[in-house]
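The structure appears right after this line, and notes come after that.
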Amino acid sequence: MLRTLLALSLAGMACAAHAASNFDGQSWWSTVKVLADDKLEGRETGSTGERQAQAYIVQQLKALGVEPAGSDGYYQRVKLKTTDIQEASSSLALVRNGRSQPLTLGEQAYFSTRYTLAPKVDAPLVFVGYGLLIPEQSYDDLAGIDLKGKVAVILTGSPAEIPSALSAHYQSRAERWKVLKAAGAIGLIAIPNPASTEVSWSRMALNRDLPSMDLVGTEFEETAGSQRALTFNPAYAELLFEGSGHTFAEIAALGEDRKALPRFPLGVSISAAAHTSSHEVDASNVVARITGRDPKLRSEYVVLSAHIDHLGVGAPINGDRIYNGAMDNGSGSALLLDVARSLKHSREPLKRSVLFVWVTGEEKGLLGSKFFAAHPTVARKSMIADINTDMFLPIIPLKALTVYGLAESDLGDRVAQVAADQGLRVQPDPAPLHNVFIRSDQYNFVRWGIPSVMIAVAATDDADMQTLKDWLANRYHAPSDDVNQPVNLATAAGYEELIRALTITVANDPARPAWKQDSFFRRYAAG
């Protein structure tokens, strides 16, 4: 036992020394400070601030001698369209027994501009549980329900028996609306599940009038046929259930335990008028590469991705209107640059090439990665894996990792092995109700059949868990996600070392990562 403990101790010391030889956290933090500076005004998609952040990354890449790999030098142009809601000239009311009850926009509900909004909608409401159709699990919330010409009301979440990644996939905007539209629905009202809400309603509704964005082009239309979409405050949700024979308290209790939900018509309709406007926005992804040295494998790519955009300037919190996005996702953008620098200076040969992609528009619905995956600047079949980094939160000691997509492909096995080599343990998604697997850019690579993972620093005790919860409650999508917050530079350095080692491992392995036989997402590789 003593010999074993001594060996483990020496191995841990060796790992720490190895990490220190490549990264110290200081370079990473210096880049985060540049990207999250107030001068960049929160890097809103397509804004001057985002372009300045991208120009800084490009400048650094040129100095390092990392090759451009976009469609226009380092850049890939992405054309977007906005939808702005004018709340002052919009309205929302519940109609019961011919009597109209106006609702206060922002306090009781708000329009979701990521769906198509018709100028005027009057329609009855039907509660359809989680609103999911999952053929692989023989699960159907819509069976036997008349939704033709009606608005579906759902509680966000999924039943406990549905696997995490599968559940997340079917809760994506495209998949959810596809089945609701096929059932005849003309709209959607989503009630956030109180058991899984990361931020307060006041924070959710604070910037509801900021413009949403979507990609230009019919190939990217996901909500055709929608006439109305709303998010409804759980604190007022009983208004929807009055006279239905059910209460929202009953529904929320079932949802907290992820139990099956009843489905039934609601004794109320909505009457809603939405005034919107639209214009086009030019944005860009930044793409670069380090070419591998193996004559046969150099034409294949390990993709490292991170989004560089954030929320821009919004409603003030404690007098601050700039949503700097230091951790979300200055952290991942800075990591890509650090890893590129390390690999470029390394004497360790890479057999495959590495593609670095800083995507735009993640905060608007994974738009930059959706465009890149649909129109990549290299052959799509040459991209063998995507390792995505988004808000990895180096604010606690690095002892364990959460790996989103851990069980879907053997890329997860490689993460586990590299982590073990560094004395770290791994775990799958511990909070499936948060749907993290579909909420960052790896999901768009998955949809094109490319094995993908996203990795986060995981808590190993109650104190670290509370630190992460407090961060989400107080800094996530808030101006306080800035460079004045405490960070753990040793954790950042260790995490960067893990991503570097994983990149080298995948780049040099003779075998491409492959989907597990039982993974739902394996079908995308076949198709």
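In the structure tokens, each chain is lettered A, B, ... as it comes, each chain's residues begin at 1, and ligands are numbered from 1 in order of appearance.
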Nearby residues (only C-alpha atoms) at most 12 Å from Ser346 of chain A, same-chain spacing under 6 positions excluded, as a ChimeraX atom specification:
/A:21-22,290,339-340,500-501,504
Give one line per residue of segment 331-408 of chain A that approaches segment 212-236 of chain A to at most 10 Å, naming the two atoms of the closest pair and their distance in Å to one decimal, counting only C-alpha atoms; sort by chain then ascending residue number and deliver it as CSV.
```
residue,atom,partner,partner_atom,distance
A:Gly361,CA,A:Met213,CA,8.1
A:Glu363,CA,A:Met213,CA,9.3
A:Lys364,CA,A:Met213,CA,5.7
A:Gly365,CA,A:Asp214,CA,7.5
A:Leu366,CA,A:Asp214,CA,9.3
A:Leu367,CA,A:Leu215,CA,6.5
A:Gly368,CA,A:Leu215,CA,8.5
A:Lys370,CA,A:Phe220,CA,8.6
A:Phe371,CA,A:Leu215,CA,7.6
A:Ala374,CA,A:Phe220,CA,9.4
```
Neighbouring residues of Ala526 of chain A were defined as those with any atom within 9 Å, considering only C-alpha atoms; residues of the same chain fewer than 3 positions away were excluded. Please report them as a VMD selection string.
chain A and resid 449 522 to 523
Could you save the residues just selected, with C-alpha atoms, as an mmCIF file, in the first residue's frame?
```cif
data_model
loop_
_atom_site.group_PDB
_atom_site.id
_atom_site.type_symbol
_atom_site.label_atom_id
_atom_site.label_comp_id
_atom_site.auth_asym_id
_atom_site.auth_seq_id
_atom_site.Cartn_x
_atom_site.Cartn_y
_atom_site.Cartn_z
ATOM 1 C CA GLY A 449 -22.190 13.136 -37.282
ATOM 2 C CA ARG A 522 -24.647 7.515 -34.253
ATOM 3 C CA ARG A 523 -27.420 7.889 -36.849
#
```
As a PyMOL selection string, list the residues of segment 91-239 of chain A assigned to strand (DSSP E or B) by DSSP on the backbone atoms of this structure.
chain A and resi 91-96+99-102+105+109-111+120-127+133-134+139-140+151-155+187-191+212-215+228-232
The distance between atom CA of Val287 of chain A and atom CA of Ala69 of chain A is 5.1 Å
Rank nothing, just name the residue among A:Asp209, A:Asp320, A:Asp84, A:Asp413 nearest to Asp38 of chain A, using only C-alpha atoms.
A:Asp320
Considering only C-alpha atoms, return as a count of residues only whatever protein or nucleic-acid residues lie within 9 Å of segment 463-473 of chain A, sequence-local ones (same chain, fewer than 5 positions apart) excluded.
9
Best match for closeness to Ile57 of chain A among A:Tyr301, A:Tyr75, A:Phe521, A:Phe111, counting only C-alpha atoms
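The closest residue to Ile57 of chain A is A:Tyr75.
The shortest atom-to-atom distance to His275 of chain A, with only C-alpha atoms taken into account, belongs to A:Gln86 out of A:Gln485, A:Ser138, A:Asn324, A:Gln86.
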Please compute the atom CA of Thr402 of chain A-atom CA of Lys381 of chain A distance, one decimal, in Å.
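So the answer is 27.6 Å.
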Leaving out Leu35 of chain A and any residue of its chain fewer than 4 positions from it, which residues lie within 7 Å of it when counting only C-alpha atoms, given as a VMD selection string?
chain A and resid 31 53 330
Among segment 191-392 of chain A, which ones does DSSP place in helix (DSSP H, G or I), written as a PyMOL selection string?
chain A and resi 201-206+218-220+234-236+238-241+248-256+326-345+362-364+367-374+380-382
Would you mind listing what lies within 6 Å of Ala93 of chain A as a count of residues only, with only C-alpha atoms counted and same-chain residues fewer than 6 positions away left out?
5
Could you check how far atom CA of Glu497 of chain A sits from atom CA of Val415 of chain A, in Å to one decimal?
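Going from atom CA of Glu497 of chain A over to atom CA of Val415 of chain A, I get 12.1 Å.
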All residues 10 Å or closer to Gly98 of chain A, only C-alpha atoms, same chain fewer than 4 positions away omitted, as a ChimeraX atom specification
/A:94,268-269
Write the residues you've just listed into a file as a compact mmCIF listing (two decimals), in the first residue's frame, and include C-alpha atoms for each of them.
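Contents of again20.txt, as written:
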```txt
# COMPACT_ATOMS: atom_id res chain seq x y z
CA LEU A 94 -55.78 35.54 -21.11
CA VAL A 268 -58.38 29.63 -21.22
CA SER A 269 -57.22 31.18 -24.50
```
